[in-house]
Amino acid sequence: MLCIASFFTPQFSTKKKKKKANNNNNNNVPSSIILPPRPINVWLPPSYDLSGTSRHPVMYVADGQNAIDDGDSWTGYSWRMAGALVRLAERGCLGLPTISDTSNMNVDPMPILVLLPSAEGDFVPGVRRRHLEYGDTSVPIAQAHADFVVQRVMPLVNARFRTIADNPAATSAIGTSMGGQASLHLLLRHPDKFGAVAALSPAFQPATIAAVAASADVLRNKTIYIDNGGDDEPSNVKVPFFDVFDHTTSKHWWNPGYFWLDTQLQPGIDAMRAALDLVGVEYKYEKFAGGRHNERAWAQRIHVPLMHLFGDEKKNDDTKR
(Lines give C-alpha, C1' and ligand atoms only; values in the text may rest on other atoms or scores of the structure.)
Protein backbone atom coordinates (compact mmCIF):
# COMPACT_ATOMS: atom_id res chain seq x y z
CA MET A 1 0.00 0.00 0.00
CA LEU A 2 1.36 3.41 -0.97
CA CYS A 3 1.91 5.43 2.19
CA ILE A 4 2.13 8.83 0.54
CA ALA A 5 -0.70 11.34 0.61
CA SER A 6 -1.33 14.91 -0.39
CA PHE A 7 -0.70 17.21 2.54
CA PHE A 8 -1.63 20.43 0.76
CA THR A 9 -5.38 19.98 1.29
CA PRO A 10 -7.01 21.72 4.27
CA GLN A 11 -5.58 20.24 7.43
CA PHE A 12 -7.44 17.87 9.73
CA SER A 13 -9.53 19.78 12.23
CA THR A 14 -7.71 19.55 15.54
CA LYS A 15 -9.49 22.06 17.72
CA LYS A 16 -11.78 19.42 19.25
CA LYS A 17 -8.85 17.09 19.78
CA LYS A 18 -6.66 19.45 21.77
CA LYS A 19 -6.78 19.43 25.55
CA LYS A 20 -4.85 21.32 28.16
CA ALA A 21 -2.26 19.15 29.88
CA ASN A 22 -2.47 21.07 33.11
CA ASN A 23 -4.72 21.64 36.06
CA ASN A 24 -4.01 25.29 36.83
CA ASN A 25 -6.64 28.01 36.57
CA ASN A 26 -4.22 30.11 34.51
CA ASN A 27 -3.70 27.21 32.07
CA ASN A 28 0.05 27.26 32.63
CA VAL A 29 2.34 24.40 33.57
CA PRO A 30 4.72 25.59 36.31
CA SER A 31 8.38 25.13 35.45
CA SER A 32 11.32 26.52 37.42
CA ILE A 33 12.89 29.76 38.49
CA ILE A 34 14.63 30.23 35.12
CA LEU A 35 11.82 28.87 32.91
CA PRO A 36 8.53 30.77 32.78
CA PRO A 37 5.26 28.82 33.08
CA ARG A 38 3.56 28.06 29.79
CA PRO A 39 0.39 26.47 28.40
CA ILE A 40 0.80 22.94 27.07
CA ASN A 41 -1.65 21.62 24.49
CA VAL A 42 -2.10 17.89 23.87
CA TRP A 43 -3.52 16.59 20.59
CA LEU A 44 -5.46 13.35 20.94
CA PRO A 45 -5.90 11.17 17.83
CA PRO A 46 -9.46 10.47 16.65
CA SER A 47 -9.20 6.85 17.83
CA TYR A 48 -8.51 7.95 21.41
CA ASP A 49 -12.13 8.78 22.25
CA LEU A 50 -13.56 6.08 19.99
CA SER A 51 -11.81 3.29 21.87
CA GLY A 52 -11.92 4.52 25.43
CA THR A 53 -9.36 1.90 26.47
CA SER A 54 -6.49 2.13 23.98
CA ARG A 55 -3.02 3.22 25.01
CA HIS A 56 -0.92 5.34 22.69
CA PRO A 57 2.71 6.21 22.05
CA VAL A 58 3.59 9.83 22.77
CA MET A 59 5.53 12.36 20.71
CA TYR A 60 6.86 15.55 22.32
CA VAL A 61 6.88 18.36 19.78
CA ALA A 62 9.26 21.32 20.12
CA ASP A 63 7.81 24.57 18.77
CA GLY A 64 4.48 22.82 19.16
CA GLN A 65 2.55 26.00 18.37
CA ASN A 66 3.69 25.56 14.75
CA ALA A 67 2.86 21.86 14.41
CA ILE A 68 -0.82 21.42 13.63
CA ASP A 69 -2.77 24.65 13.44
CA ASP A 70 -2.13 27.35 10.82
CA GLY A 71 -3.75 29.91 13.10
CA ASP A 72 -1.24 29.27 15.90
CA SER A 73 1.89 29.37 13.72
CA TRP A 74 3.66 32.69 13.46
CA THR A 75 3.91 32.55 9.65
CA GLY A 76 0.29 31.47 9.16
CA TYR A 77 1.45 28.03 7.98
CA SER A 78 1.86 24.99 10.22
CA TRP A 79 3.55 21.62 9.68
CA ARG A 80 0.03 20.15 9.33
CA MET A 81 1.24 17.24 11.38
CA ALA A 82 -2.12 16.02 12.65
CA GLY A 83 -3.52 15.84 9.12
CA ALA A 84 -0.49 13.85 8.00
CA LEU A 85 -0.87 11.36 10.86
CA VAL A 86 -4.58 10.90 10.18
CA ARG A 87 -3.98 10.22 6.50
CA LEU A 88 -1.18 7.76 7.25
CA ALA A 89 -3.42 5.94 9.73
CA GLU A 90 -6.28 5.81 7.22
CA ARG A 91 -3.92 4.11 4.76
CA GLY A 92 -2.75 1.57 7.34
CA CYS A 93 0.79 2.89 7.28
CA LEU A 94 1.42 3.16 11.02
CA GLY A 95 2.91 0.26 12.96
CA LEU A 96 2.78 -0.68 16.62
CA PRO A 97 5.75 0.37 18.78
CA THR A 98 8.19 -2.39 19.67
CA ILE A 99 7.60 -2.78 23.38
CA SER A 100 8.32 -5.76 25.56
CA ASP A 101 4.88 -6.62 26.89
CA THR A 102 1.56 -5.64 25.32
CA SER A 103 -0.37 -8.70 26.47
CA ASN A 104 -2.53 -6.71 28.89
CA MET A 105 -2.64 -3.58 26.79
CA ASN A 106 -4.84 -2.39 23.92
CA VAL A 107 -2.18 -0.48 21.95
CA ASP A 108 -3.05 1.99 19.21
CA PRO A 109 -0.19 3.04 16.89
CA MET A 110 -1.54 6.60 16.51
CA PRO A 111 0.57 8.85 18.76
CA ILE A 112 -0.58 11.48 21.20
CA LEU A 113 1.14 14.80 20.42
CA VAL A 114 2.37 16.97 23.29
CA LEU A 115 2.73 20.43 21.79
CA LEU A 116 5.54 22.16 23.69
CA PRO A 117 5.45 25.87 22.84
CA SER A 118 8.72 27.71 22.46
CA ALA A 119 9.37 30.45 24.99
CA GLU A 120 8.52 34.01 24.05
CA GLY A 121 10.46 37.16 24.73
CA ASP A 122 13.99 37.82 25.91
CA PHE A 123 15.81 36.25 28.84
CA VAL A 124 17.83 39.45 29.03
CA PRO A 125 17.58 42.25 26.46
CA GLY A 126 18.80 40.97 23.11
CA VAL A 127 18.95 37.26 24.13
CA ARG A 128 15.90 35.26 23.10
CA ARG A 129 14.57 32.73 25.62
CA ARG A 130 13.94 30.24 22.80
CA HIS A 131 17.60 30.36 21.76
CA LEU A 132 18.66 29.47 25.30
CA GLU A 133 16.04 26.78 25.98
CA TYR A 134 16.74 25.15 22.60
CA GLY A 135 20.45 25.90 22.79
CA ASP A 136 23.53 23.70 22.89
CA THR A 137 23.61 20.84 25.40
CA SER A 138 26.22 22.73 27.45
CA VAL A 139 23.82 25.64 28.09
CA PRO A 140 22.32 25.38 31.61
CA ILE A 141 18.95 26.77 30.49
CA ALA A 142 18.76 24.16 27.71
CA GLN A 143 19.49 21.47 30.29
CA ALA A 144 16.79 22.91 32.56
CA HIS A 145 14.31 22.86 29.68
CA ALA A 146 15.02 19.20 28.91
CA ASP A 147 14.55 18.36 32.59
CA PHE A 148 11.33 20.40 32.67
CA VAL A 149 9.87 18.28 29.87
CA VAL A 150 10.76 15.00 31.57
CA GLN A 151 10.23 15.92 35.22
CA ARG A 152 7.21 18.22 34.98
CA VAL A 153 5.39 17.71 31.68
CA MET A 154 5.83 13.97 31.14
CA PRO A 155 4.41 12.83 34.52
CA LEU A 156 1.44 15.14 34.00
CA VAL A 157 0.76 13.75 30.52
CA ASN A 158 1.09 10.14 31.69
CA ALA A 159 -1.27 10.79 34.60
CA ARG A 160 -3.93 12.54 32.52
CA PHE A 161 -3.93 10.47 29.32
CA ARG A 162 -3.77 6.80 28.29
CA THR A 163 -0.10 6.64 27.32
CA ILE A 164 2.35 3.76 27.23
CA ALA A 165 4.09 5.21 30.25
CA ASP A 166 7.73 4.79 31.22
CA ASN A 167 8.64 3.01 27.99
CA PRO A 168 11.23 4.75 25.80
CA ALA A 169 10.28 2.63 22.78
CA ALA A 170 6.88 4.37 22.80
CA THR A 171 8.14 7.91 23.44
CA SER A 172 9.71 10.19 20.84
CA ALA A 173 10.55 13.83 20.16
CA ILE A 174 10.44 15.95 17.04
CA GLY A 175 11.49 19.49 16.22
CA THR A 176 12.61 21.84 13.49
CA SER A 177 15.58 24.20 13.36
CA MET A 178 16.75 24.80 16.96
CA GLY A 179 13.80 22.67 18.05
CA GLY A 180 15.49 19.76 16.27
CA GLN A 181 18.54 20.22 18.48
CA ALA A 182 16.30 20.48 21.56
CA SER A 183 14.59 17.22 20.60
CA LEU A 184 17.93 15.42 20.26
CA HIS A 185 18.95 16.92 23.61
CA LEU A 186 15.95 15.16 25.21
CA LEU A 187 17.19 11.84 23.84
CA LEU A 188 20.77 12.46 24.95
CA ARG A 189 19.95 13.72 28.43
CA HIS A 190 17.10 11.28 29.14
CA PRO A 191 17.73 8.11 27.12
CA ASP A 192 15.72 6.12 29.65
CA LYS A 193 12.64 8.11 28.61
CA PHE A 194 13.02 8.60 24.84
CA GLY A 195 13.58 6.04 22.12
CA ALA A 196 13.38 8.09 18.93
CA VAL A 197 13.95 11.58 17.58
CA ALA A 198 13.30 13.45 14.35
CA ALA A 199 15.18 16.68 13.58
CA LEU A 200 14.05 18.64 10.50
CA SER A 201 16.45 21.34 9.26
CA PRO A 202 18.24 21.17 12.62
CA ALA A 203 20.60 23.82 13.97
CA PHE A 204 23.21 21.56 15.57
CA GLN A 205 25.87 23.24 17.71
CA PRO A 206 29.30 22.01 18.84
CA ALA A 207 28.52 20.63 22.32
CA THR A 208 25.53 18.69 20.98
CA ILE A 209 27.68 17.15 18.26
CA ALA A 210 30.38 16.29 20.82
CA ALA A 211 27.76 14.75 23.12
CA VAL A 212 26.63 12.47 20.30
CA ALA A 213 30.22 11.39 19.62
CA ALA A 214 30.53 10.45 23.30
CA SER A 215 27.18 8.64 23.52
CA ALA A 216 27.54 5.63 21.23
CA ASP A 217 26.25 3.09 23.75
CA VAL A 218 23.23 5.26 24.55
CA LEU A 219 22.29 5.92 20.93
CA ARG A 220 22.84 2.53 19.27
CA ASN A 221 19.34 1.27 20.03
CA LYS A 222 17.58 4.53 19.24
CA THR A 223 15.75 5.65 16.09
CA ILE A 224 17.21 8.87 14.65
CA TYR A 225 15.96 10.86 11.67
CA ILE A 226 17.63 13.98 10.26
CA ASP A 227 16.77 15.99 7.15
CA ASN A 228 17.27 19.37 5.59
CA GLY A 229 16.72 21.37 2.45
CA GLY A 230 19.02 24.06 1.08
CA ASP A 231 21.30 24.23 -1.91
CA ASP A 232 22.58 20.94 -3.30
CA GLU A 233 25.71 21.12 -5.45
CA PRO A 234 25.66 17.50 -6.74
CA SER A 235 22.25 18.03 -8.31
CA ASN A 236 22.89 21.70 -9.07
CA VAL A 237 19.70 22.71 -7.23
CA LYS A 238 19.51 26.09 -5.54
CA VAL A 239 16.90 27.41 -3.14
CA PRO A 240 14.88 30.04 -5.01
CA PHE A 241 15.28 33.55 -3.65
CA PHE A 242 11.52 34.15 -3.62
CA ASP A 243 8.46 31.93 -3.35
CA VAL A 244 5.17 33.80 -3.51
CA PHE A 245 3.35 31.09 -1.54
CA ASP A 246 5.44 31.90 1.53
CA HIS A 247 3.74 35.29 1.64
CA THR A 248 0.06 34.62 0.98
CA THR A 249 -1.15 34.52 4.59
CA SER A 250 -2.52 37.50 6.49
CA LYS A 251 -0.26 36.63 9.42
CA HIS A 252 3.32 37.90 9.07
CA TRP A 253 3.08 37.78 5.28
CA TRP A 254 6.29 39.80 5.25
CA ASN A 255 8.36 36.92 6.68
CA PRO A 256 11.60 36.46 4.69
CA GLY A 257 10.93 32.82 3.80
CA TYR A 258 14.37 31.92 5.15
CA PHE A 259 15.65 30.79 1.77
CA TRP A 260 19.28 30.87 2.94
CA LEU A 261 19.10 29.14 6.31
CA ASP A 262 19.12 25.41 5.46
CA THR A 263 22.22 25.96 3.32
CA GLN A 264 23.84 27.89 6.17
CA LEU A 265 23.10 25.06 8.63
CA GLN A 266 24.52 22.31 6.37
CA PRO A 267 28.01 22.25 7.98
CA GLY A 268 26.50 21.49 11.39
CA ILE A 269 24.43 18.67 9.93
CA ASP A 270 27.47 17.28 8.12
CA ALA A 271 29.41 17.36 11.40
CA MET A 272 26.58 15.57 13.21
CA ARG A 273 26.46 12.87 10.55
CA ALA A 274 30.24 12.46 10.81
CA ALA A 275 29.92 12.03 14.59
CA LEU A 276 27.19 9.41 14.19
CA ASP A 277 29.22 7.58 11.55
CA LEU A 278 32.33 7.70 13.73
CA VAL A 279 30.65 5.88 16.61
CA GLY A 280 28.64 3.52 14.39
CA VAL A 281 25.16 4.76 15.26
CA GLU A 282 22.40 4.08 12.73
CA TYR A 283 20.31 6.97 11.49
CA LYS A 284 18.34 8.08 8.48
CA TYR A 285 19.25 11.24 6.58
CA GLU A 286 17.16 12.81 3.84
CA LYS A 287 18.19 15.75 1.65
CA PHE A 288 15.35 17.78 0.15
CA ALA A 289 17.27 19.82 -2.38
CA GLY A 290 15.94 23.34 -2.78
CA GLY A 291 13.88 23.19 0.42
CA ARG A 292 13.38 26.35 2.42
CA HIS A 293 13.66 26.78 6.18
CA ASN A 294 10.06 27.42 7.18
CA GLU A 295 6.83 25.76 8.28
CA ARG A 296 5.43 25.48 4.78
CA ALA A 297 8.51 23.54 3.61
CA TRP A 298 8.33 21.22 6.62
CA ALA A 299 4.64 20.57 5.99
CA GLN A 300 5.48 19.32 2.50
CA ARG A 301 7.65 16.52 3.93
CA ILE A 302 6.35 15.93 7.47
CA HIS A 303 5.06 12.48 6.47
CA VAL A 304 8.66 11.29 5.90
CA PRO A 305 9.88 11.53 9.52
CA LEU A 306 6.51 10.32 10.77
CA MET A 307 6.83 7.21 8.62
CA HIS A 308 10.36 6.61 9.85
CA LEU A 309 9.34 6.85 13.51
CA PHE A 310 5.89 5.25 13.37
CA GLY A 311 5.63 3.34 10.11
CA ASP A 312 7.15 0.31 8.46
CA GLU A 313 9.80 2.47 6.80
CA LYS A 314 12.01 2.22 9.87
CA LYS A 315 12.57 -1.45 8.98
CA ASN A 316 13.83 -0.68 5.48
CA ASP A 317 17.35 -1.53 4.38
CA ASP A 318 18.09 2.05 3.36
CA THR A 319 18.63 3.14 6.96
CA LYS A 320 22.02 4.88 7.05
CA ARG A 321 24.73 3.08 8.95
# chains A, B, ... in the order shown; residues from 1 in each chain; ligands from 1
>>> select_by_dssp(residues="stretch 72-311 of chain A", states="alpha helix (DSSP H)", output="VMD selection string")
chain A and resid 81 to 90 129 to 133 140 to 148 154 to 160 178 to 189 206 to 213 216 to 219 261 to 278 295 to 299 303 to 310
>>> residues_around(residues="A:Asp108", least_positions_apart="2", cutoff="9 Å", atoms="only C-alpha atoms", output="PyMOL selection string")
chain A and resi 47-48+54-57+95-97+106+110-111
>>> atom_distance(atom1="atom CA of A:Phe242", atom2="atom CA of A:Gly290")
11.7 Å
>>> atom_distance(atom1="atom CA of A:Asn236", atom2="atom CA of A:Phe288")
12.5 Å
>>> closest_atom_pairs(of="stretch 145-202 of chain A", to="stretch 206-210 of chain A", cutoff="10 Å", atoms="only C-alpha atoms", output="Markdown table")
| residue | atom | partner | partner_atom | distance |
| --- | --- | --- | --- | --- |
| A:Gln181 | CA | A:Thr208 | CA | 7.6 |
| A:Ala182 | CA | A:Thr208 | CA | 9.4 |
| A:Leu184 | CA | A:Thr208 | CA | 8.3 |
| A:His185 | CA | A:Thr208 | CA | 7.3 |
| A:Leu188 | CA | A:Thr208 | CA | 8.8 |
>>> residues_around(residues="A:Val150", least_positions_apart="4", cutoff="12 Å", atoms="only C-alpha atoms", output="JSON, numbers by chain")
{"A": [31, 60, 114, 116, 143, 144, 145, 146, 154, 155, 156, 157, 158, 165, 166, 168, 171, 172, 173, 183, 185, 186, 187, 189, 190, 191, 192, 193, 194]}
>>> atom_distance(atom1="atom CA of A:Met105", atom2="atom CA of A:Leu88")
22.6 Å
>>> residues_around(residues="stretch 65-82 of chain A", least_positions_apart="4", cutoff="6 Å", atoms="only C-alpha atoms", output="short mmCIF file (atom, residue, chain, number, x, y, z; two decimals) with N, CA, C and O atoms, in the first residue's frame")
data_model
loop_
_atom_site.label_atom_id
_atom_site.label_comp_id
_atom_site.auth_asym_id
_atom_site.auth_seq_id
_atom_site.Cartn_x
_atom_site.Cartn_y
_atom_site.Cartn_z
N GLN A 11 -6.04 21.17 6.41
CA GLN A 11 -5.58 20.24 7.43
C GLN A 11 -6.73 19.66 8.24
O GLN A 11 -7.81 20.22 8.30
N PRO A 117 5.22 24.58 23.50
CA PRO A 117 5.45 25.87 22.84
C PRO A 117 6.84 26.42 23.16
O PRO A 117 7.35 26.23 24.26
N THR A 249 -0.31 34.53 3.39
CA THR A 249 -1.15 34.52 4.59
C THR A 249 -1.28 35.94 5.13
O THR A 249 -0.43 36.81 4.87
N LYS A 251 -1.06 36.59 8.20
CA LYS A 251 -0.26 36.63 9.42
C LYS A 251 1.22 36.65 9.06
O LYS A 251 1.76 35.68 8.50
N HIS A 252 1.89 37.75 9.36
CA HIS A 252 3.32 37.90 9.07
C HIS A 252 3.65 37.54 7.62
O HIS A 252 4.62 36.82 7.35
N GLU A 295 7.89 26.71 7.97
CA GLU A 295 6.83 25.76 8.28
C GLU A 295 6.19 25.18 7.02
O GLU A 295 5.82 24.00 7.00
N ARG A 296 6.04 25.99 6.01
CA ARG A 296 5.43 25.48 4.78
C ARG A 296 6.29 24.39 4.15
O ARG A 296 5.78 23.37 3.67
N TRP A 298 8.38 22.41 5.76
CA TRP A 298 8.33 21.22 6.62
C TRP A 298 7.02 20.48 6.46
O TRP A 298 6.98 19.24 6.54
N ALA A 299 5.93 21.21 6.22
CA ALA A 299 4.64 20.57 5.99
C ALA A 299 4.67 19.68 4.75
O ALA A 299 4.01 18.63 4.70
#
>>> residues_around(residues="A:Gly291", least_positions_apart="2", cutoff="12 Å", atoms="only C-alpha atoms", output="MDAnalysis selection string")
chainID A and resid 200:201 227:232 237:243 257:263 286:289 293:301
>>> residues_around(residues="stretch 124-129 of chain A", least_positions_apart="6", cutoff="9 Å", atoms="only C-alpha atoms", output="list in words")
Leu35, Ser118 and Ile141 of chain A
>>> select_by_dssp(residues="stretch 120-248 of chain A", states="strand (DSSP E)", output="list in words")
Asp122, Phe123, Val124, Val127, Arg128, Thr171, Ser172, Ala173, Ile174, Gly175, Thr176, Ala196, Val197, Ala198, Ala199, Leu200, Thr223, Ile224, Tyr225, Ile226, Asp227 and Asn228 of chain A
